$ cat data.cif   # mmCIF, C-alpha atoms
data_input
#
loop_
_atom_site.group_PDB
_atom_site.id
_atom_site.type_symbol
_atom_site.label_atom_id
_atom_site.label_comp_id
_atom_site.auth_asym_id
_atom_site.auth_seq_id
_atom_site.Cartn_x
_atom_site.Cartn_y
_atom_site.Cartn_z
ATOM 1 C CA MET A 1 -16.846 -17.116 12.697
ATOM 2 C CA ALA A 2 -16.181 -20.852 12.966
ATOM 3 C CA THR A 3 -13.250 -22.390 11.132
ATOM 4 C CA VAL A 4 -14.063 -25.520 9.160
ATOM 5 C CA LYS A 5 -11.329 -28.133 8.942
ATOM 6 C CA LEU A 6 -11.408 -29.921 5.621
ATOM 7 C CA PRO A 7 -10.852 -33.709 5.614
ATOM 8 C CA PHE A 8 -8.523 -33.232 2.623
ATOM 9 C CA PRO A 9 -5.945 -30.617 1.586
ATOM 10 C CA PRO A 10 -7.474 -27.461 0.050
ATOM 11 C CA THR A 11 -7.310 -27.056 -3.696
ATOM 12 C CA VAL A 12 -5.500 -24.164 -5.323
ATOM 13 C CA ALA A 13 -8.863 -22.601 -6.178
ATOM 14 C CA GLN A 14 -9.936 -22.818 -2.527
ATOM 15 C CA LEU A 15 -6.720 -21.143 -1.401
ATOM 16 C CA TYR A 16 -7.166 -18.314 -3.899
ATOM 17 C CA ALA A 17 -10.854 -17.937 -3.107
ATOM 18 C CA SER A 18 -10.054 -17.493 0.588
ATOM 19 C CA ALA A 19 -8.309 -14.235 -0.382
ATOM 20 C CA PHE A 20 -11.647 -12.896 -1.651
ATOM 21 C CA TRP A 21 -13.267 -13.123 1.781
ATOM 22 C CA ASN A 22 -10.270 -11.885 3.743
ATOM 23 C CA PRO A 23 -10.867 -8.268 4.876
ATOM 24 C CA GLU A 24 -7.174 -7.823 5.689
ATOM 25 C CA PRO A 25 -4.752 -5.646 3.687
ATOM 26 C CA THR A 26 -2.674 -7.343 0.969
ATOM 27 C CA PRO A 27 0.910 -6.296 1.806
ATOM 28 C CA THR A 28 2.723 -8.852 -0.367
ATOM 29 C CA VAL A 29 2.730 -9.459 -4.119
ATOM 30 C CA LYS A 30 1.549 -13.019 -3.442
ATOM 31 C CA SER A 31 -1.500 -11.876 -1.456
ATOM 32 C CA GLN A 32 -2.263 -9.205 -4.096
ATOM 33 C CA ARG A 33 -2.179 -11.809 -6.875
ATOM 34 C CA GLN A 34 -4.352 -14.190 -4.851
ATOM 35 C CA LEU A 35 -6.996 -11.513 -4.372
ATOM 36 C CA ALA A 36 -6.848 -10.546 -8.067
ATOM 37 C CA TYR A 37 -7.344 -14.194 -9.055
ATOM 38 C CA ALA A 38 -10.244 -14.577 -6.604
ATOM 39 C CA LEU A 39 -11.898 -11.508 -8.153
ATOM 40 C CA GLY A 40 -11.529 -12.896 -11.686
ATOM 41 C CA TYR A 41 -8.650 -10.769 -12.993
ATOM 42 C CA PRO A 42 -5.932 -12.154 -15.314
ATOM 43 C CA ASP A 43 -3.145 -14.136 -13.637
ATOM 44 C CA ASP A 44 -0.502 -11.400 -13.660
ATOM 45 C CA TRP A 45 -2.760 -8.668 -12.230
ATOM 46 C CA GLN A 46 -2.683 -7.595 -8.588
ATOM 47 C CA VAL A 47 -5.248 -6.104 -6.210
ATOM 48 C CA GLU A 48 -3.652 -3.972 -3.516
ATOM 49 C CA ARG A 49 -6.113 -3.855 -0.621
ATOM 50 C CA ARG A 50 -5.819 -1.235 2.123
ATOM 51 C CA VAL A 51 -8.076 -1.086 5.132
ATOM 52 C CA LYS A 52 -8.664 2.276 6.776
ATOM 53 C CA TYR A 53 -10.971 3.069 9.652
ATOM 54 C CA LYS A 54 -13.533 5.850 9.578
ATOM 55 C CA ASP A 55 -15.663 6.431 12.653
ATOM 56 C CA GLY A 56 -14.420 3.091 13.995
ATOM 57 C CA LYS A 57 -15.638 1.146 10.959
ATOM 58 C CA PRO A 58 -13.339 -0.515 8.411
ATOM 59 C CA VAL A 59 -13.313 0.954 4.905
ATOM 60 C CA ILE A 60 -11.725 -1.191 2.203
ATOM 61 C CA GLU A 61 -9.851 0.589 -0.587
ATOM 62 C CA ASP A 62 -8.606 -1.501 -3.501
ATOM 63 C CA ARG A 63 -6.173 -0.530 -6.252
ATOM 64 C CA ILE A 64 -6.189 -2.862 -9.226
ATOM 65 C CA HIS A 65 -2.842 -3.123 -11.051
ATOM 66 C CA ALA A 66 -2.202 -4.583 -14.517
ATOM 67 C CA PHE A 67 1.362 -5.163 -15.627
ATOM 68 C CA LEU A 68 1.666 -5.345 -19.424
ATOM 69 C CA GLY A 69 4.281 -5.089 -22.147
ATOM 70 C CA LYS A 70 7.246 -7.213 -23.133
ATOM 71 C CA LYS A 71 8.765 -7.268 -19.664
ATOM 72 C CA LYS A 72 5.530 -6.540 -17.771
ATOM 73 C CA LYS A 73 6.863 -3.088 -16.879
ATOM 74 C CA SER A 74 3.912 -1.003 -18.077
ATOM 75 C CA GLN A 75 1.660 -0.600 -15.093
ATOM 76 C CA TYR A 76 -1.962 0.477 -15.288
ATOM 77 C CA THR A 77 -3.964 1.201 -12.159
ATOM 78 C CA TRP A 78 -7.683 1.452 -11.506
ATOM 79 C CA LEU A 79 -9.407 2.483 -8.304
ATOM 80 C CA HIS A 80 -12.753 1.064 -9.396
ATOM 81 C CA HIS A 81 -13.446 -2.662 -9.904
ATOM 82 C CA GLU A 82 -16.110 -2.228 -12.585
ATOM 83 C CA ALA A 83 -13.758 -0.227 -14.839
ATOM 84 C CA ALA A 84 -10.885 -2.666 -14.233
ATOM 85 C CA GLN A 85 -13.054 -5.702 -15.020
ATOM 86 C CA LEU A 86 -14.315 -4.081 -18.242
ATOM 87 C CA ALA A 87 -10.692 -3.435 -19.239
ATOM 88 C CA ALA A 88 -9.719 -7.035 -18.391
ATOM 89 C CA ALA A 89 -12.588 -8.370 -20.523
ATOM 90 C CA LYS A 90 -11.557 -6.160 -23.464
ATOM 91 C CA LEU A 91 -7.928 -7.246 -23.058
ATOM 92 C CA GLU A 92 -8.959 -10.898 -23.182
ATOM 93 C CA ALA A 93 -11.326 -10.428 -26.144
ATOM 94 C CA GLU A 94 -9.317 -7.978 -28.270
ATOM 95 C CA GLY A 95 -5.763 -8.307 -26.979
ATOM 96 C CA LYS A 96 -5.523 -4.629 -26.086
ATOM 97 C CA LEU A 97 -6.238 -2.572 -23.030
ATOM 98 C CA ASP A 98 -8.944 0.062 -23.015
ATOM 99 C CA GLU A 99 -7.362 3.017 -21.253
ATOM 100 C CA SER A 100 -10.483 5.170 -21.338
ATOM 101 C CA HIS A 101 -11.497 4.026 -17.855
ATOM 102 C CA LEU A 102 -8.106 4.520 -16.252
ATOM 103 C CA LEU A 103 -8.002 6.830 -13.309
ATOM 104 C CA PRO A 104 -4.862 8.862 -12.724
ATOM 105 C CA ALA A 105 -2.447 7.433 -10.212
ATOM 106 C CA VAL A 106 -2.850 9.064 -6.820
ATOM 107 C CA PRO A 107 0.175 9.212 -4.502
ATOM 108 C CA LEU A 108 -0.253 7.877 -0.999
ATOM 109 C CA TYR A 109 2.330 10.173 0.586
ATOM 110 C CA ALA A 110 3.375 13.828 0.340
ATOM 111 C CA LYS A 111 6.546 15.766 1.133
ATOM 112 C CA GLY A 112 6.932 16.072 4.895
ATOM 113 C CA ASP A 113 4.882 12.967 5.770
ATOM 114 C CA VAL A 114 6.328 10.925 8.611
ATOM 115 C CA VAL A 115 6.456 7.312 7.474
ATOM 116 C CA GLN A 116 8.139 3.997 8.056
ATOM 117 C CA VAL A 117 10.253 2.385 5.332
ATOM 118 C CA GLN A 118 10.885 -1.331 5.089
ATOM 119 C CA TRP A 119 14.434 -2.496 4.555
ATOM 120 C CA GLU A 120 15.591 -6.096 4.946
ATOM 121 C CA GLY A 121 12.399 -7.036 6.805
ATOM 122 C CA LYS A 122 12.539 -4.209 9.372
ATOM 123 C CA TRP A 123 10.662 -0.895 9.481
ATOM 124 C CA TYR A 124 12.555 2.376 9.996
ATOM 125 C CA GLU A 125 11.202 5.851 10.801
ATOM 126 C CA ALA A 126 11.642 8.318 7.946
ATOM 127 C CA THR A 127 10.292 11.547 6.467
ATOM 128 C CA ILE A 128 9.280 11.957 2.817
ATOM 129 C CA MET A 129 11.616 14.500 1.217
ATOM 130 C CA LYS A 130 10.354 14.374 -2.368
ATOM 131 C CA ARG A 131 8.187 12.345 -4.713
ATOM 132 C CA LYS A 132 8.459 11.650 -8.418
ATOM 133 C CA LYS A 133 6.013 10.011 -10.773
ATOM 134 C CA GLN A 134 7.260 7.085 -12.827
ATOM 135 C CA ALA A 135 4.756 5.658 -15.330
ATOM 136 C CA ASP A 136 1.623 5.088 -13.218
ATOM 137 C CA SER A 137 3.357 4.787 -9.859
ATOM 138 C CA PHE A 138 5.439 6.963 -7.562
ATOM 139 C CA LEU A 139 8.956 6.783 -6.184
ATOM 140 C CA TYR A 140 9.973 8.589 -3.005
ATOM 141 C CA SER A 141 13.124 10.027 -1.475
ATOM 142 C CA VAL A 142 13.233 9.815 2.309
ATOM 143 C CA TYR A 143 15.326 11.064 5.194
ATOM 144 C CA TYR A 144 16.127 8.750 8.128
ATOM 145 C CA PRO A 145 16.542 10.954 11.226
ATOM 146 C CA GLU A 146 18.079 8.191 13.333
ATOM 147 C CA ASP A 147 20.989 7.724 10.895
ATOM 148 C CA GLU A 148 20.858 11.221 9.393
ATOM 149 C CA ALA A 149 20.838 9.523 5.975
ATOM 150 C CA THR A 150 18.743 9.743 2.813
ATOM 151 C CA GLN A 151 17.535 7.123 0.350
ATOM 152 C CA ASP A 152 16.058 7.598 -3.132
ATOM 153 C CA GLU A 153 13.680 5.666 -5.381
ATOM 154 C CA ILE A 154 11.639 3.883 -2.732
ATOM 155 C CA GLU A 155 8.429 2.325 -4.026
ATOM 156 C CA GLU A 156 5.068 2.832 -2.279
ATOM 157 C CA HIS A 157 4.769 -0.808 -1.233
ATOM 158 C CA GLU A 158 7.925 -0.344 0.862
ATOM 159 C CA ILE A 159 6.350 2.525 2.824
ATOM 160 C CA ARG A 160 3.657 2.664 5.479
ATOM 161 C CA PRO A 161 2.313 5.574 7.541
ATOM 162 C CA GLY A 162 4.484 6.598 10.470
ATOM 163 C CA GLN A 163 3.408 6.980 14.048
ATOM 164 C CA ASP A 164 0.710 9.538 14.808
ATOM 165 C CA PRO A 165 2.345 12.510 16.629
ATOM 166 C CA SER A 166 -0.433 12.584 19.273
ATOM 167 C CA ALA A 167 -0.167 8.830 19.870
ATOM 168 C CA LEU A 168 3.610 9.111 20.282
ATOM 169 C CA ALA A 169 3.166 11.921 22.836
ATOM 170 C CA VAL A 170 0.723 9.784 24.846
ATOM 171 C CA GLU A 171 3.143 6.844 24.630
ATOM 172 C CA LEU A 172 5.819 9.109 26.131
ATOM 173 C CA GLY A 173 3.477 10.072 28.997
ATOM 174 C CA PHE A 174 2.157 13.437 27.772
ATOM 175 C CA PRO A 175 -1.516 14.460 27.429
ATOM 176 C CA GLU A 176 -3.363 13.751 24.153
ATOM 177 C CA ASP A 177 -3.267 17.396 23.039
ATOM 178 C CA TRP A 178 0.554 17.306 22.897
ATOM 179 C CA LYS A 179 2.466 16.145 19.801
ATOM 180 C CA ALA A 180 5.783 14.334 19.576
ATOM 181 C CA SER A 181 8.119 13.384 16.755
ATOM 182 C CA ARG A 182 11.526 11.793 16.528
ATOM 183 C CA ASN A 183 14.668 13.624 15.502
ATOM 184 C CA GLY A 184 17.319 10.949 15.463
ATOM 185 C CA ALA A 185 17.531 9.468 18.952
ATOM 186 C CA ARG A 186 15.806 12.545 20.438
ATOM 187 C CA TYR A 187 12.147 13.530 20.630
ATOM 188 C CA VAL A 188 10.699 16.883 19.643
ATOM 189 C CA LEU A 189 7.666 17.786 21.761
ATOM 190 C CA THR A 190 5.073 20.394 20.879
ATOM 191 C CA ALA A 191 2.706 21.738 23.527
ATOM 192 C CA PRO A 192 -0.950 22.524 22.695
ATOM 193 C CA THR A 193 0.053 26.211 22.569
ATOM 194 C CA GLY A 194 2.448 25.429 19.709
ATOM 195 C CA ASP A 195 5.580 25.894 21.824
#
$ encode --input "data.cif" --output "structure tokens"
Amino acid sequence: MATVKLPFPPTVAQLYASAFWNPEPTPTVKSQRQLAYALGYPDDWQVERRVKYKDGKPVIEDRIHAFLGKKKKSQYTWLHHEAAQLAAAKLEAEGKLDESHLLPAVPLYAKGDVVQVQWEGKWYEATIMKRKKQADSFLYSVYYPEDEATQDEIEEHEIRPGQDPSALAVELGFPEDWKASRNGARYVLTAPTGD
């Protein structure tokens, strides 16, 4: 795809609209708000875009978030754009949110999942120890094997999937049917036989 250089600075609308065509994930609040604006949602809504691959092809999954209430702390989430846009239209017309189309919040991680947690701009290996639902989102407690420490109340946007055990084994020089995980500074290897 060719990049067109404009003879003048882009307008705000052009910058926001570029988010609509970007098939990349939206990891920051700014990028989530840009995509929401490009899709026609109210200014304070966010669209969290995740890109997964199935059979080598990208699959885009969007979560649409509305933050309402006095301090914008009530969060509503939809997994379907049509339902979210109907709710946004009703909110604009009637000043209230139609919750009949809301889908229940679905957690991204489960107890025992190996993940990475962001702290001060760096990602650290961790394991999910427990999960609790708060309003329409989830908070997680994790264990950091490298430091042998725990941390509570981590939000989903601060977590990403950890390294695939088979990929880590290959990285360490073992065949693909082996699995590897970290335990602090050490590795735990599992042979195809389970030993």
$ resolve_selection --input "data.cif" --expression "the PyMOL selection byres ((chain A and resi 38-48) around 8)" --output "ChimeraX atom specification"
/A:16-20,25-27,29,32-37,49-50,62-67,85,88
$ resolve_selection --input "data.cif" --expression "the PyMOL selection byres ((chain A and resi 60) around 6)" --output "list in words"
Arg50, Val51, Val59 and Glu61 of chain A
$ residues_around --input "data.cif" --residues "A:Gln118" --least-positions-apart "5" --cutoff "9 Å" --atoms "all atoms listed in the file" --output "list of chain:residue names"
A:Trp123, A:Tyr124, A:His157, A:Glu158, A:Ile159, A:Arg160
$ closest_residue --input "data.cif" --among "A:Pro145, A:Glu24, A:Gly173, A:Val106" --to "A:Arg131" --atoms "only C-alpha atoms"
A:Val106
$ axis_aligned_box --input "data.cif" --around "stretch 146-157 of chain A" --padding-each-side "6 Å" --output "AutoDock Vina command-line options"
--center_x 12.9 --center_y 5.2 --center_z 4.0 --size_x 28.2 --size_y 24.0 --size_z 30.7
$ resolve_selection --input "data.cif" --expression "the PyMOL selection byres ((chain A and resi 163) around 9)" --output "ChimeraX atom specification"
/A:114-116,125,161-162,164-168,181
$ atom_distance --input "data.cif" --atom1 "atom CA of A:Ala84" --atom2 "atom CA of A:Lys52"
21.7 Å
$ residues_around --input "data.cif" --residues "A:Gly112" --least-positions-apart "2" --cutoff "7 Å" --atoms "all atoms listed in the file" --output "CSV table (one decimal) with C-alpha atoms, in the frame of the given file"
chain,number,residue,atom,x,y,z
A,110,ALA,CA,3.4,13.8,0.3
A,114,VAL,CA,6.3,10.9,8.6
A,127,THR,CA,10.3,11.5,6.5
A,128,ILE,CA,9.3,12.0,2.8
A,129,MET,CA,11.6,14.5,1.2
$ residues_near_point --input "data.cif" --point "(11.5, 1.4, -8.9)" --cutoff "10 Å" --atoms "only C-alpha atoms" --output "MDAnalysis selection string"
chainID A and resid 134 137:140 152:156
$ write_last_selection --input "data.cif" --atoms "C-alpha atoms" --output "compact mmCIF listing (two decimals), in the coordinates of the input"
# COMPACT_ATOMS: atom_id res chain seq x y z
CA GLN A 134 7.26 7.08 -12.83
CA SER A 137 3.36 4.79 -9.86
CA PHE A 138 5.44 6.96 -7.56
CA LEU A 139 8.96 6.78 -6.18
CA TYR A 140 9.97 8.59 -3.00
CA ASP A 152 16.06 7.60 -3.13
CA GLU A 153 13.68 5.67 -5.38
CA ILE A 154 11.64 3.88 -2.73
CA GLU A 155 8.43 2.33 -4.03
CA GLU A 156 5.07 2.83 -2.28
$ atom_distance --input "data.cif" --atom1 "atom CA of A:Tyr109" --atom2 "atom CA of A:Ala126"
12.0 Å
$ atom_distance --input "data.cif" --atom1 "atom CA of A:Glu148" --atom2 "atom CA of A:Thr190"
21.6 Å
